[in-house]
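**Q** What follows is my_file22.tsv, made up of TSV, N, CA and C atoms:
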chain	number	residue	atom	x	y	z
S	1225	MET	N	115.48	-4.33	75.53
S	1225	MET	CA	114.39	-5.23	75.86
S	1225	MET	C	113.41	-5.24	74.69
S	1226	ILE	N	113.10	-6.40	74.20
S	1226	ILE	CA	112.18	-6.56	73.08
S	1226	ILE	C	110.76	-6.29	73.55
S	1227	TYR	N	110.00	-5.54	72.72
S	1227	TYR	CA	108.62	-5.22	73.06
S	1227	TYR	C	107.75	-6.47	73.00
S	1228	SER	N	106.86	-6.58	73.97
S	1228	SER	CA	105.84	-7.61	73.94
S	1228	SER	C	104.55	-7.03	74.50
S	1229	ARG	N	103.45	-7.38	73.89
S	1229	ARG	CA	102.14	-6.86	74.33
S	1229	ARG	C	101.86	-7.28	75.76
S	1230	GLN	N	102.21	-8.51	76.10
S	1230	GLN	CA	101.96	-8.99	77.46
S	1230	GLN	C	102.81	-8.23	78.48
S	1231	ARG	N	104.06	-7.94	78.14
S	1231	ARG	CA	104.93	-7.17	79.03
S	1231	ARG	C	104.36	-5.77	79.22
S	1232	GLU	N	103.84	-5.20	78.16
S	1232	GLU	CA	103.24	-3.86	78.24
S	1232	GLU	C	102.01	-3.87	79.15
S	1233	ILE	N	101.19	-4.90	79.06
S	1233	ILE	CA	100.02	-5.02	79.94
S	1233	ILE	C	100.47	-5.11	81.40
S	1234	ILE	N	101.47	-5.92	81.66
S	1234	ILE	CA	101.99	-6.11	83.02
S	1234	ILE	C	102.53	-4.78	83.55
S	1235	LEU	N	103.35	-4.10	82.76
S	1235	LEU	CA	103.94	-2.83	83.18
S	1235	LEU	C	102.88	-1.77	83.43
S	1236	ASN	N	101.93	-1.64	82.52
S	1236	ASN	CA	100.88	-0.64	82.68
S	1236	ASN	C	100.01	-0.93	83.90
S	1237	THR	N	99.74	-2.20	84.15
S	1237	THR	CA	98.95	-2.57	85.32
S	1237	THR	C	99.68	-2.20	86.60
S	1238	LEU	N	100.97	-2.46	86.66
S	1238	LEU	CA	101.75	-2.09	87.84
S	1238	LEU	C	101.80	-0.58	88.03
S	1239	ARG	N	101.96	0.15	86.94
S	1239	ARG	CA	102.09	1.61	87.05
S	1239	ARG	C	100.77	2.30	87.42
S	1240	THR	N	99.65	1.68	87.12
S	1240	THR	CA	98.36	2.32	87.39
S	1240	THR	C	97.66	1.79	88.64
S	1241	ASN	N	98.25	0.81	89.31
S	1241	ASN	CA	97.66	0.24	90.52
S	1241	ASN	C	98.70	0.27	91.64
S	1242	PRO	N	98.54	1.16	92.60
S	1242	PRO	CA	99.56	1.29	93.65
S	1242	PRO	C	99.44	0.25	94.75
S	1243	VAL	N	99.10	-0.99	94.41
S	1243	VAL	CA	98.83	-2.00	95.43
S	1243	VAL	C	100.02	-2.92	95.71
S	1244	HIS	N	101.12	-2.80	94.98
S	1244	HIS	CA	102.31	-3.61	95.20
S	1244	HIS	C	101.97	-5.10	95.21
S	1245	PRO	N	101.44	-5.61	94.10
S	1245	PRO	CA	100.98	-7.01	94.08
S	1245	PRO	C	102.13	-8.01	94.04
S	1246	THR	N	101.81	-9.22	94.45
S	1246	THR	CA	102.70	-10.35	94.22
S	1246	THR	C	102.52	-10.75	92.76
S	1247	ALA	N	103.35	-11.65	92.27
S	1247	ALA	CA	103.20	-12.13	90.89
S	1247	ALA	C	101.84	-12.81	90.70
S	1248	ASP	N	101.41	-13.58	91.69
S	1248	ASP	CA	100.12	-14.26	91.59
S	1248	ASP	C	98.97	-13.25	91.56
S	1249	GLU	N	99.04	-12.23	92.41
S	1249	GLU	CA	97.99	-11.20	92.41
S	1249	GLU	C	97.96	-10.43	91.09
S	1250	LEU	N	99.15	-10.12	90.58
S	1250	LEU	CA	99.23	-9.43	89.30
S	1250	LEU	C	98.68	-10.29	88.17
S	1251	HIS	N	98.95	-11.58	88.22
S	1251	HIS	CA	98.42	-12.50	87.22
S	1251	HIS	C	96.89	-12.41	87.19
S	1252	GLU	N	96.27	-12.41	88.34
S	1252	GLU	CA	94.81	-12.28	88.41
S	1252	GLU	C	94.34	-10.94	87.83
S	1253	MET	N	95.11	-9.88	88.09
S	1253	MET	CA	94.75	-8.55	87.60
S	1253	MET	C	94.82	-8.46	86.07
S	1254	VAL	N	95.84	-9.06	85.46
S	1254	VAL	CA	96.04	-8.90	84.02
S	1254	VAL	C	95.23	-9.89	83.19
S	1255	LYS	N	94.71	-10.95	83.81
S	1255	LYS	CA	93.92	-11.93	83.05
S	1255	LYS	C	92.68	-11.29	82.43
S	1256	GLY	N	92.19	-10.22	83.00
S	1256	GLY	CA	91.04	-9.53	82.40
S	1256	GLY	C	91.38	-8.91	81.06
S	1257	GLN	N	92.63	-8.51	80.88
S	1257	GLN	CA	93.07	-7.91	79.62
S	1257	GLN	C	93.59	-8.95	78.63
S	1258	ASP	N	94.11	-10.05	79.17
S	1258	ASP	CA	94.63	-11.12	78.32
S	1258	ASP	C	94.36	-12.45	79.02
S	1259	PRO	N	93.20	-13.06	78.75
S	1259	PRO	CA	92.82	-14.29	79.44
S	1259	PRO	C	93.79	-15.45	79.24
S	1260	ASN	N	94.62	-15.39	78.20
S	1260	ASN	CA	95.55	-16.48	77.90
S	1260	ASN	C	96.92	-16.31	78.54
S	1261	ILE	N	97.14	-15.22	79.26
S	1261	ILE	CA	98.46	-15.00	79.86
S	1261	ILE	C	98.69	-16.01	80.99
S	1262	SER	N	99.85	-16.62	80.97
S	1262	SER	CA	100.15	-17.64	81.98
S	1262	SER	C	100.89	-17.02	83.15
S	1263	ILE	N	100.88	-17.71	84.28
S	1263	ILE	CA	101.61	-17.26	85.46
S	1263	ILE	C	103.11	-17.25	85.17
S	1264	ALA	N	103.58	-18.19	84.37
S	1264	ALA	CA	105.00	-18.24	84.01
S	1264	ALA	C	105.39	-16.99	83.21
S	1265	THR	N	104.52	-16.55	82.33
S	1265	THR	CA	104.78	-15.33	81.55
S	1265	THR	C	104.85	-14.12	82.48
S	1266	VAL	N	103.97	-14.06	83.46
S	1266	VAL	CA	103.98	-12.95	84.41
S	1266	VAL	C	105.29	-12.96	85.19
S	1267	TYR	N	105.68	-14.10	85.74
S	1267	TYR	CA	106.93	-14.20	86.49
S	1267	TYR	C	108.13	-13.80	85.63
S	1268	ARG	N	108.21	-14.34	84.42
S	1268	ARG	CA	109.34	-14.06	83.54
S	1268	ARG	C	109.43	-12.58	83.21
S	1269	ASN	N	108.28	-11.96	82.87
S	1269	ASN	CA	108.29	-10.55	82.53
S	1269	ASN	C	108.57	-9.66	83.73
S	1270	LEU	N	108.06	-10.02	84.90
S	1270	LEU	CA	108.36	-9.23	86.11
S	1270	LEU	C	109.86	-9.24	86.39
S	1271	ASN	N	110.47	-10.41	86.27
S	1271	ASN	CA	111.91	-10.49	86.52
S	1271	ASN	C	112.71	-9.70	85.49
S	1272	GLN	N	112.28	-9.73	84.23
S	1272	GLN	CA	112.96	-8.95	83.19
S	1272	GLN	C	112.78	-7.46	83.42
S	1273	LEU	N	111.55	-7.04	83.78
S	1273	LEU	CA	111.29	-5.63	84.05
S	1273	LEU	C	112.08	-5.14	85.25
S	1274	ALA	N	112.18	-5.97	86.28
S	1274	ALA	CA	112.95	-5.59	87.47
S	1274	ALA	C	114.44	-5.49	87.13
S	1275	ALA	N	114.95	-6.44	86.37
S	1275	ALA	CA	116.37	-6.42	85.98
S	1275	ALA	C	116.70	-5.20	85.13
S	1276	ALA	N	115.73	-4.75	84.33
S	1276	ALA	CA	115.93	-3.58	83.47
S	1276	ALA	C	115.67	-2.26	84.21
S	1277	GLY	N	115.25	-2.35	85.48
S	1277	GLY	CA	114.99	-1.13	86.25
S	1277	GLY	C	113.67	-0.45	85.95
S	1278	LYS	N	112.76	-1.16	85.30
S	1278	LYS	CA	111.45	-0.60	84.94
S	1278	LYS	C	110.43	-0.73	86.07
S	1279	VAL	N	110.64	-1.69	86.97
S	1279	VAL	CA	109.79	-1.89	88.15
S	1279	VAL	C	110.69	-2.24	89.33
S	1280	LEU	N	110.17	-2.06	90.53
S	1280	LEU	CA	110.89	-2.46	91.73
S	1280	LEU	C	110.42	-3.82	92.18
S	1281	LYS	N	111.37	-4.67	92.52
S	1281	LYS	CA	111.06	-5.96	93.13
S	1281	LYS	C	111.35	-5.80	94.61
S	1282	ILE	N	110.32	-5.98	95.43
S	1282	ILE	CA	110.45	-5.77	96.87
S	1282	ILE	C	110.45	-7.13	97.54
S	1283	SER	N	111.60	-7.50	98.05
S	1283	SER	CA	111.73	-8.79	98.73
S	1283	SER	C	110.94	-8.76	100.02
S	1284	ASN	N	110.27	-9.87	100.30
S	1284	ASN	CA	109.45	-9.99	101.49
S	1284	ASN	C	109.88	-11.25	102.23
S	1285	PRO	N	110.59	-11.10	103.36
S	1285	PRO	CA	111.07	-12.29	104.07
S	1285	PRO	C	109.94	-13.14	104.64
S	1286	ASN	N	108.75	-12.57	104.78
S	1286	ASN	CA	107.62	-13.30	105.36
S	1286	ASN	C	106.63	-13.81	104.32
S	1287	GLY	N	106.97	-13.71	103.04
S	1287	GLY	CA	106.03	-14.15	102.01
S	1287	GLY	C	106.58	-13.89	100.63
S	1288	ALA	N	105.67	-13.81	99.68
S	1288	ALA	CA	106.05	-13.63	98.28
S	1288	ALA	C	106.58	-12.22	98.03
S	1289	ASP	N	107.52	-12.10	97.08
S	1289	ASP	CA	108.01	-10.80	96.68
S	1289	ASP	C	106.86	-9.98	96.12
S	1290	ARG	N	106.97	-8.67	96.27
S	1290	ARG	CA	105.97	-7.76	95.73
S	1290	ARG	C	106.64	-6.88	94.68
S	1291	PHE	N	105.82	-6.28	93.82
S	1291	PHE	CA	106.35	-5.48	92.73
S	1291	PHE	C	105.69	-4.11	92.72
S	1292	ASP	N	106.49	-3.11	92.36
S	1292	ASP	CA	106.05	-1.71	92.39
S	1292	ASP	C	106.37	-1.07	91.06
S	1293	GLY	N	105.37	-0.48	90.44
S	1293	GLY	CA	105.57	0.22	89.17
S	1293	GLY	C	106.15	1.61	89.34
S	1294	ASN	N	106.21	2.10	90.56
S	1294	ASN	CA	106.76	3.43	90.85
S	1294	ASN	C	108.24	3.27	91.14
S	1295	ILE	N	109.09	3.68	90.20
S	1295	ILE	CA	110.52	3.49	90.37
S	1295	ILE	C	111.22	4.73	90.93
S	1296	VAL	N	110.46	5.78	91.23
S	1296	VAL	CA	111.02	6.96	91.88
S	1296	VAL	C	111.40	6.55	93.31
S	1297	HIS	N	112.54	7.01	93.78
S	1297	HIS	CA	113.00	6.65	95.13
S	1297	HIS	C	111.92	7.00	96.16
S	1298	HIS	N	111.50	6.00	96.93
S	1298	HIS	CA	110.51	6.21	97.98
S	1298	HIS	C	110.58	5.06	98.97
S	1299	ASN	N	109.85	5.20	100.05
S	1299	ASN	CA	109.81	4.19	101.10
S	1299	ASN	C	108.45	3.50	101.07
S	1300	HIS	N	108.32	2.47	101.90
S	1300	HIS	CA	107.07	1.72	101.97
S	1300	HIS	C	106.64	1.52	103.41
S	1301	ALA	N	105.34	1.47	103.60
S	1301	ALA	CA	104.76	1.07	104.88
S	1301	ALA	C	104.04	-0.25	104.63
S	1302	VAL	N	104.21	-1.18	105.55
S	1302	VAL	CA	103.59	-2.49	105.43
S	1302	VAL	C	102.64	-2.67	106.61
S	1303	CYS	N	101.40	-3.02	106.31
S	1303	CYS	CA	100.43	-3.26	107.37
S	1303	CYS	C	100.77	-4.60	108.04
S	1304	SER	N	101.00	-4.55	109.33
S	1304	SER	CA	101.35	-5.77	110.06
S	1304	SER	C	100.16	-6.68	110.27
S	1305	CYS	N	98.97	-6.19	109.92
S	1305	CYS	CA	97.76	-6.98	110.09
S	1305	CYS	C	97.40	-7.72	108.78
S	1306	CYS	N	97.26	-6.97	107.68
S	1306	CYS	CA	96.82	-7.59	106.42
S	1306	CYS	C	97.95	-7.78	105.41
S	1307	GLY	N	99.10	-7.15	105.64
S	1307	GLY	CA	100.24	-7.31	104.75
S	1307	GLY	C	100.25	-6.39	103.55
S	1308	ARG	N	99.22	-5.55	103.38
S	1308	ARG	CA	99.23	-4.63	102.24
S	1308	ARG	C	100.39	-3.64	102.38
S	1309	MET	N	100.86	-3.16	101.25
S	1309	MET	CA	102.00	-2.26	101.21
S	1309	MET	C	101.58	-0.94	100.60
S	1310	PHE	N	102.09	0.15	101.15
S	1310	PHE	CA	101.74	1.49	100.70
S	1310	PHE	C	103.01	2.29	100.46
S	1311	ASP	N	102.95	3.20	99.48
S	1311	ASP	CA	104.08	4.10	99.23
S	1311	ASP	C	104.11	5.21	100.28
S	1312	ILE	N	105.32	5.57	100.68
S	1312	ILE	CA	105.55	6.76	101.50
S	1312	ILE	C	106.43	7.66	100.65
S	1313	MET	N	105.87	8.77	100.21
S	1313	MET	CA	106.58	9.62	99.27
S	1313	MET	C	107.33	10.76	99.95
S	1314	VAL	N	107.29	10.83	101.26
S	1314	VAL	CA	108.06	11.84	101.98
S	1314	VAL	C	109.31	11.18	102.54
S	1315	PRO	N	110.42	11.91	102.62
S	1315	PRO	CA	111.64	11.30	103.15
S	1315	PRO	C	111.48	10.93	104.62
S	1316	LEU	N	112.03	9.78	104.98
S	1316	LEU	CA	112.05	9.37	106.38
S	1316	LEU	C	113.27	9.98	107.05
S	1317	PRO	N	113.18	10.27	108.34
S	1317	PRO	CA	114.37	10.77	109.04
S	1317	PRO	C	115.51	9.76	108.93
S	1318	ASP	N	116.73	10.24	108.94
S	1318	ASP	CA	117.90	9.37	108.80
S	1318	ASP	C	117.90	8.23	109.80
S	1319	VAL	N	117.43	8.48	111.01
S	1319	VAL	CA	117.44	7.44	112.03
S	1319	VAL	C	116.54	6.28	111.62
S	1320	CYS	N	115.40	6.56	110.96
S	1320	CYS	CA	114.51	5.49	110.49
S	1320	CYS	C	115.14	4.74	109.33
S	1321	ALA	N	115.70	5.47	108.39
S	1321	ALA	CA	116.30	4.83	107.21
S	1321	ALA	C	117.49	3.98	107.61
S	1322	ALA	N	118.28	4.46	108.55
S	1322	ALA	CA	119.45	3.71	108.98
S	1322	ALA	C	119.05	2.43	109.71
S	1323	ALA	N	117.95	2.49	110.43
S	1323	ALA	CA	117.50	1.33	111.20
S	1323	ALA	C	116.91	0.25	110.31
S	1324	ASN	N	116.48	0.63	109.11
S	1324	ASN	CA	115.81	-0.34	108.26
S	1324	ASN	C	116.34	-0.22	106.83
S	1325	ALA	N	117.28	-1.07	106.47
S	1325	ALA	CA	117.90	-1.00	105.15
S	1325	ALA	C	116.90	-1.24	104.03
S	1326	GLN	N	115.79	-1.92	104.32
S	1326	GLN	CA	114.78	-2.19	103.29
S	1326	GLN	C	113.94	-0.95	102.99
S	1327	ARG	N	114.05	0.08	103.79
S	1327	ARG	CA	113.27	1.31	103.65
S	1327	ARG	C	111.78	1.04	103.82
S	1328	ASP	N	111.43	0.06	104.63
S	1328	ASP	CA	110.03	-0.26	104.92
S	1328	ASP	C	109.78	-0.06	106.40
S	1329	ILE	N	108.61	0.47	106.71
S	1329	ILE	CA	108.19	0.58	108.10
S	1329	ILE	C	106.89	-0.18	108.23
S	1330	SER	N	106.58	-0.61	109.44
S	1330	SER	CA	105.34	-1.37	109.62
S	1330	SER	C	104.42	-0.63	110.57
S	1331	GLY	N	103.17	-0.96	110.47
S	1331	GLY	CA	102.13	-0.38	111.30
S	1331	GLY	C	100.82	-1.03	110.90
S	1332	ILE	N	99.72	-0.41	111.25
S	1332	ILE	CA	98.40	-0.93	110.90
S	1332	ILE	C	97.73	0.06	109.97
S	1333	CYS	N	97.24	-0.42	108.83
S	1333	CYS	CA	96.60	0.45	107.85
S	1333	CYS	C	95.24	0.92	108.37
S	1334	ALA	N	94.71	1.95	107.73
S	1334	ALA	CA	93.44	2.54	108.16
S	1334	ALA	C	92.30	1.52	108.12
S	1335	ARG	N	92.28	0.68	107.10
S	1335	ARG	CA	91.21	-0.31	106.98
S	1335	ARG	C	91.24	-1.31	108.13
S	1336	CYS	N	92.43	-1.82	108.46
S	1336	CYS	CA	92.54	-2.77	109.56
S	1336	CYS	C	92.26	-2.09	110.91
S	1337	ALA	N	92.71	-0.85	111.06
S	1337	ALA	CA	92.45	-0.13	112.30
S	1337	ALA	C	90.95	0.07	112.50
S	1338	GLN	N	90.24	0.40	111.42
S	1338	GLN	CA	88.79	0.57	111.51
S	1338	GLN	C	88.10	-0.75	111.86
S	1339	THR	N	88.55	-1.83	111.25
S	1339	THR	CA	87.99	-3.16	111.55
S	1339	THR	C	88.20	-3.49	113.03
S	1340	GLN	N	89.39	-3.21	113.53
S	1340	GLN	CA	89.66	-3.50	114.95
S	1340	GLN	C	88.80	-2.64	115.86
S	1341	ARG	N	88.61	-1.36	115.49
S	1341	ARG	CA	87.74	-0.48	116.31
S	1341	ARG	C	86.32	-1.02	116.34
S	1342	ASN	N	85.84	-1.48	115.18
S	1342	ASN	CA	84.47	-2.00	115.09
S	1342	ASN	C	84.31	-3.29	115.89
S	1343	GLU	N	85.35	-4.11	115.98
S	1343	GLU	CA	85.28	-5.36	116.73
S	1343	GLU	C	85.22	-5.12	118.24
S	1344	TYR	N	85.77	-3.99	118.69
S	1344	TYR	CA	85.81	-3.71	120.12
S	1344	TYR	C	84.58	-2.97	120.60
S	1345	ARG	N	83.69	-2.62	119.72
S	1345	ARG	CA	82.48	-1.88	120.12
S	1345	ARG	C	81.40	-2.80	120.58
Before we go any further, please render this structure as structure tokens.
**A**
Amino acid sequence: MIYSRQREIILNTLRTNPVHPTADELHEMVKGQDPNISIATVYRNLNQLAAAGKVLKISNPNGADRFDGNIVHHNHAVCSCCGRMFDIMVPLPDVCAAANAQRDISGICARCAQTQRNEYR
């Protein structure tokens, strides 16, 4: 893979932000470092990085694909309320992994749970 400054910005941003952004979200994040970077450049580099095994591309049947700079084997939790994705670095029991080939589990994140608690008070 040929080095490019923009690809390096994209990769470093993914590796230092555990938010699993979409390409559009990542584009917004990297524009601060390179205001001239286009969304097409972000998409192209994300696909090249994923194909090279440098980042994970996480397919999302309910929306845009997300990307993860952490390529160590791990699972994900997806908030069913806001859609944010979080790393789960502990192994899931075999029954959970077998039930979900995507290695993702869903639930409600702490922020959404707190918001719901505040709404019911």
**Q** Quick one: distance from atom CA of S:Glu1232 to atom CA of S:Lys1255 in Å, one decimal?
**A**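 Separation of atom CA of S:Glu1232 and atom CA of S:Lys1255: 13.2 Å.
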**Q** Could you work out how far atom CA of S:His1251 lies from atom CA of S:Ile1263, giving the answer in Å with one decimal?
**A**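 Those two atoms sit 6.0 Å apart.
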**Q** Among the residues of stretch 1259-1290 of chain S, find those DSSP assigns to alpha helix (DSSP H) from the backbone and print them as a list in words.
**A**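 For stretch 1259-1290 of chain S, the alpha helix (DSSP H) set is Ile1263, Ala1264, Thr1265, Val1266, Tyr1267, Arg1268, Asn1269, Leu1270, Asn1271, Gln1272, Leu1273, Ala1274 and Ala1275 of chain S.
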**Q** Give me, as an NGL selection string, all polymer residues having an atom no more than 9 Å from S:His1244, counting only C-alpha atoms and skipping those fewer than 3 positions away in the same chain.
**A** :S and (1238 or 1241 or 1250 or 1282 or 1290-1293 or 1308-1311)
**Q** Can you list, as a VMD selection string, every protein, DNA or RNA residue that comes within 8 Å of S:His1297 when you count all atoms listed in the file, leaving out same-chain residues fewer than 2 positions away?
**A** chain S and resid 1294 to 1295 1299 1312 to 1314
**Q** Could you write out that same residue set with N, CA and C atoms as a short mmCIF file (atom, residue, chain, number, x, y, z; two decimals), in the frame of the given file?
**A**
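Saved to again.cif:
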data_model
loop_
_atom_site.label_atom_id
_atom_site.label_comp_id
_atom_site.auth_asym_id
_atom_site.auth_seq_id
_atom_site.Cartn_x
_atom_site.Cartn_y
_atom_site.Cartn_z
N ASN S 1294 106.21 2.10 90.56
CA ASN S 1294 106.76 3.43 90.85
C ASN S 1294 108.24 3.27 91.14
N ILE S 1295 109.09 3.68 90.20
CA ILE S 1295 110.52 3.49 90.37
C ILE S 1295 111.22 4.73 90.93
N ASN S 1299 109.85 5.20 100.05
CA ASN S 1299 109.81 4.19 101.10
C ASN S 1299 108.45 3.50 101.07
N ILE S 1312 105.32 5.57 100.68
CA ILE S 1312 105.55 6.76 101.50
C ILE S 1312 106.43 7.66 100.65
N MET S 1313 105.87 8.77 100.21
CA MET S 1313 106.58 9.62 99.27
C MET S 1313 107.33 10.76 99.95
N VAL S 1314 107.29 10.83 101.26
CA VAL S 1314 108.06 11.84 101.98
C VAL S 1314 109.31 11.18 102.54
#
**Q** For stretch 1273-1279 of chain S, what centre and edge lengths in Å (one decimal) does the axis-aligned box get once 4 Å is added on each side of all its listed atoms, as JSON?
**A**
{"center_x": 113.2, "center_y": -3.7, "center_z": 86.4, "size_x": 14.9, "size_y": 14.6, "size_z": 13.9}
**Q** Kindly give the distance, in Å, that separates atom CA of S:Ser1304 and atom CA of S:Gly1331, rounded to a single decimal.
**A**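 Interatomic distance here is 5.6 Å.
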**Q** What lies within 8 Å of S:Gln1230 using only N, CA and C atoms, ignoring chain neighbours under 3 positions off, as number ranges by chain?
**A** S: 1227, 1233-1236, 1258, 1261, 1265-1266, 1269
**Q** Extract the full set of strand (DSSP E) residues from chain S according to DSSP on the backbone, and format it as a PDB file with N, CA and C atoms, in the coordinates of the input.
**A**
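Just written: result_11.pdb:
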ATOM      1  N   LEU S1280     110.170  -2.060  90.530  1.00  0.00           N
ATOM      2  CA  LEU S1280     110.890  -2.460  91.730  1.00  0.00           C
ATOM      3  C   LEU S1280     110.420  -3.820  92.180  1.00  0.00           C
ATOM      4  N   LYS S1281     111.370  -4.670  92.520  1.00  0.00           N
ATOM      5  CA  LYS S1281     111.060  -5.960  93.130  1.00  0.00           C
ATOM      6  C   LYS S1281     111.350  -5.800  94.610  1.00  0.00           C
ATOM      7  N   ILE S1282     110.320  -5.980  95.430  1.00  0.00           N
ATOM      8  CA  ILE S1282     110.450  -5.770  96.870  1.00  0.00           C
ATOM      9  C   ILE S1282     110.450  -7.130  97.540  1.00  0.00           C
ATOM     10  N   ARG S1290     106.970  -8.670  96.270  1.00  0.00           N
ATOM     11  CA  ARG S1290     105.970  -7.760  95.730  1.00  0.00           C
ATOM     12  C   ARG S1290     106.640  -6.880  94.680  1.00  0.00           C
ATOM     13  N   PHE S1291     105.820  -6.280  93.820  1.00  0.00           N
ATOM     14  CA  PHE S1291     106.350  -5.480  92.730  1.00  0.00           C
ATOM     15  C   PHE S1291     105.690  -4.110  92.720  1.00  0.00           C
ATOM     16  N   ASP S1292     106.490  -3.110  92.360  1.00  0.00           N
ATOM     17  CA  ASP S1292     106.050  -1.710  92.390  1.00  0.00           C
ATOM     18  C   ASP S1292     106.370  -1.070  91.060  1.00  0.00           C
ATOM     19  N   ASN S1299     109.850   5.200 100.050  1.00  0.00           N
ATOM     20  CA  ASN S1299     109.810   4.190 101.100  1.00  0.00           C
ATOM     21  C   ASN S1299     108.450   3.500 101.070  1.00  0.00           C
ATOM     22  N   HIS S1300     108.320   2.470 101.900  1.00  0.00           N
ATOM     23  CA  HIS S1300     107.070   1.720 101.970  1.00  0.00           C
ATOM     24  C   HIS S1300     106.640   1.520 103.410  1.00  0.00           C
ATOM     25  N   ALA S1301     105.340   1.470 103.600  1.00  0.00           N
ATOM     26  CA  ALA S1301     104.760   1.070 104.880  1.00  0.00           C
ATOM     27  C   ALA S1301     104.040  -0.250 104.630  1.00  0.00           C
ATOM     28  N   VAL S1302     104.210  -1.180 105.550  1.00  0.00           N
ATOM     29  CA  VAL S1302     103.590  -2.490 105.430  1.00  0.00           C
ATOM     30  C   VAL S1302     102.640  -2.670 106.610  1.00  0.00           C
ATOM     31  N   CYS S1303     101.400  -3.020 106.310  1.00  0.00           N
ATOM     32  CA  CYS S1303     100.430  -3.260 107.370  1.00  0.00           C
ATOM     33  C   CYS S1303     100.770  -4.600 108.040  1.00  0.00           C
ATOM     34  N   MET S1309     100.860  -3.160 101.250  1.00  0.00           N
ATOM     35  CA  MET S1309     102.000  -2.260 101.210  1.00  0.00           C
ATOM     36  C   MET S1309     101.580  -0.940 100.600  1.00  0.00           C
ATOM     37  N   PHE S1310     102.090   0.150 101.150  1.00  0.00           N
ATOM     38  CA  PHE S1310     101.740   1.490 100.700  1.00  0.00           C
ATOM     39  C   PHE S1310     103.010   2.290 100.460  1.00  0.00           C
ATOM     40  N   ASP S1311     102.950   3.200  99.480  1.00  0.00           N
ATOM     41  CA  ASP S1311     104.080   4.100  99.230  1.00  0.00           C
ATOM     42  C   ASP S1311     104.110   5.210 100.280  1.00  0.00           C
ATOM     43  N   ILE S1312     105.320   5.570 100.680  1.00  0.00           N
ATOM     44  CA  ILE S1312     105.550   6.760 101.500  1.00  0.00           C
ATOM     45  C   ILE S1312     106.430   7.660 100.650  1.00  0.00           C
ATOM     46  N   ASP S1328     111.430   0.060 104.630  1.00  0.00           N
ATOM     47  CA  ASP S1328     110.030  -0.260 104.920  1.00  0.00           C
ATOM     48  C   ASP S1328     109.780  -0.060 106.400  1.00  0.00           C
ATOM     49  N   ILE S1329     108.610   0.470 106.710  1.00  0.00           N
ATOM     50  CA  ILE S1329     108.190   0.580 108.100  1.00  0.00           C
ATOM     51  C   ILE S1329     106.890  -0.180 108.230  1.00  0.00           C
ATOM     52  N   SER S1330     106.580  -0.610 109.440  1.00  0.00           N
ATOM     53  CA  SER S1330     105.340  -1.370 109.620  1.00  0.00           C
ATOM     54  C   SER S1330     104.420  -0.630 110.570  1.00  0.00           C
ATOM     55  N   GLY S1331     103.170  -0.960 110.470  1.00  0.00           N
ATOM     56  CA  GLY S1331     102.130  -0.380 111.300  1.00  0.00           C
ATOM     57  C   GLY S1331     100.820  -1.030 110.900  1.00  0.00           C
TER      58      GLY S1331
END
**Q** Smallest atom-to-atom distance to S:Ile1329: which of S:Pro1259, S:Gly1307, S:Gly1287, S:Gly1277, using only C-alpha atoms?
**A** S:Gly1307
**Q** For S:Cys1336, which residue among S:Thr1237, S:Cys1305, S:His1300, S:Thr1246 is the nearest when counting all atoms listed in the file?
**A**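 Nearest candidate to S:Cys1336 out of S:Thr1237, S:Cys1305, S:His1300, S:Thr1246: S:Cys1305.
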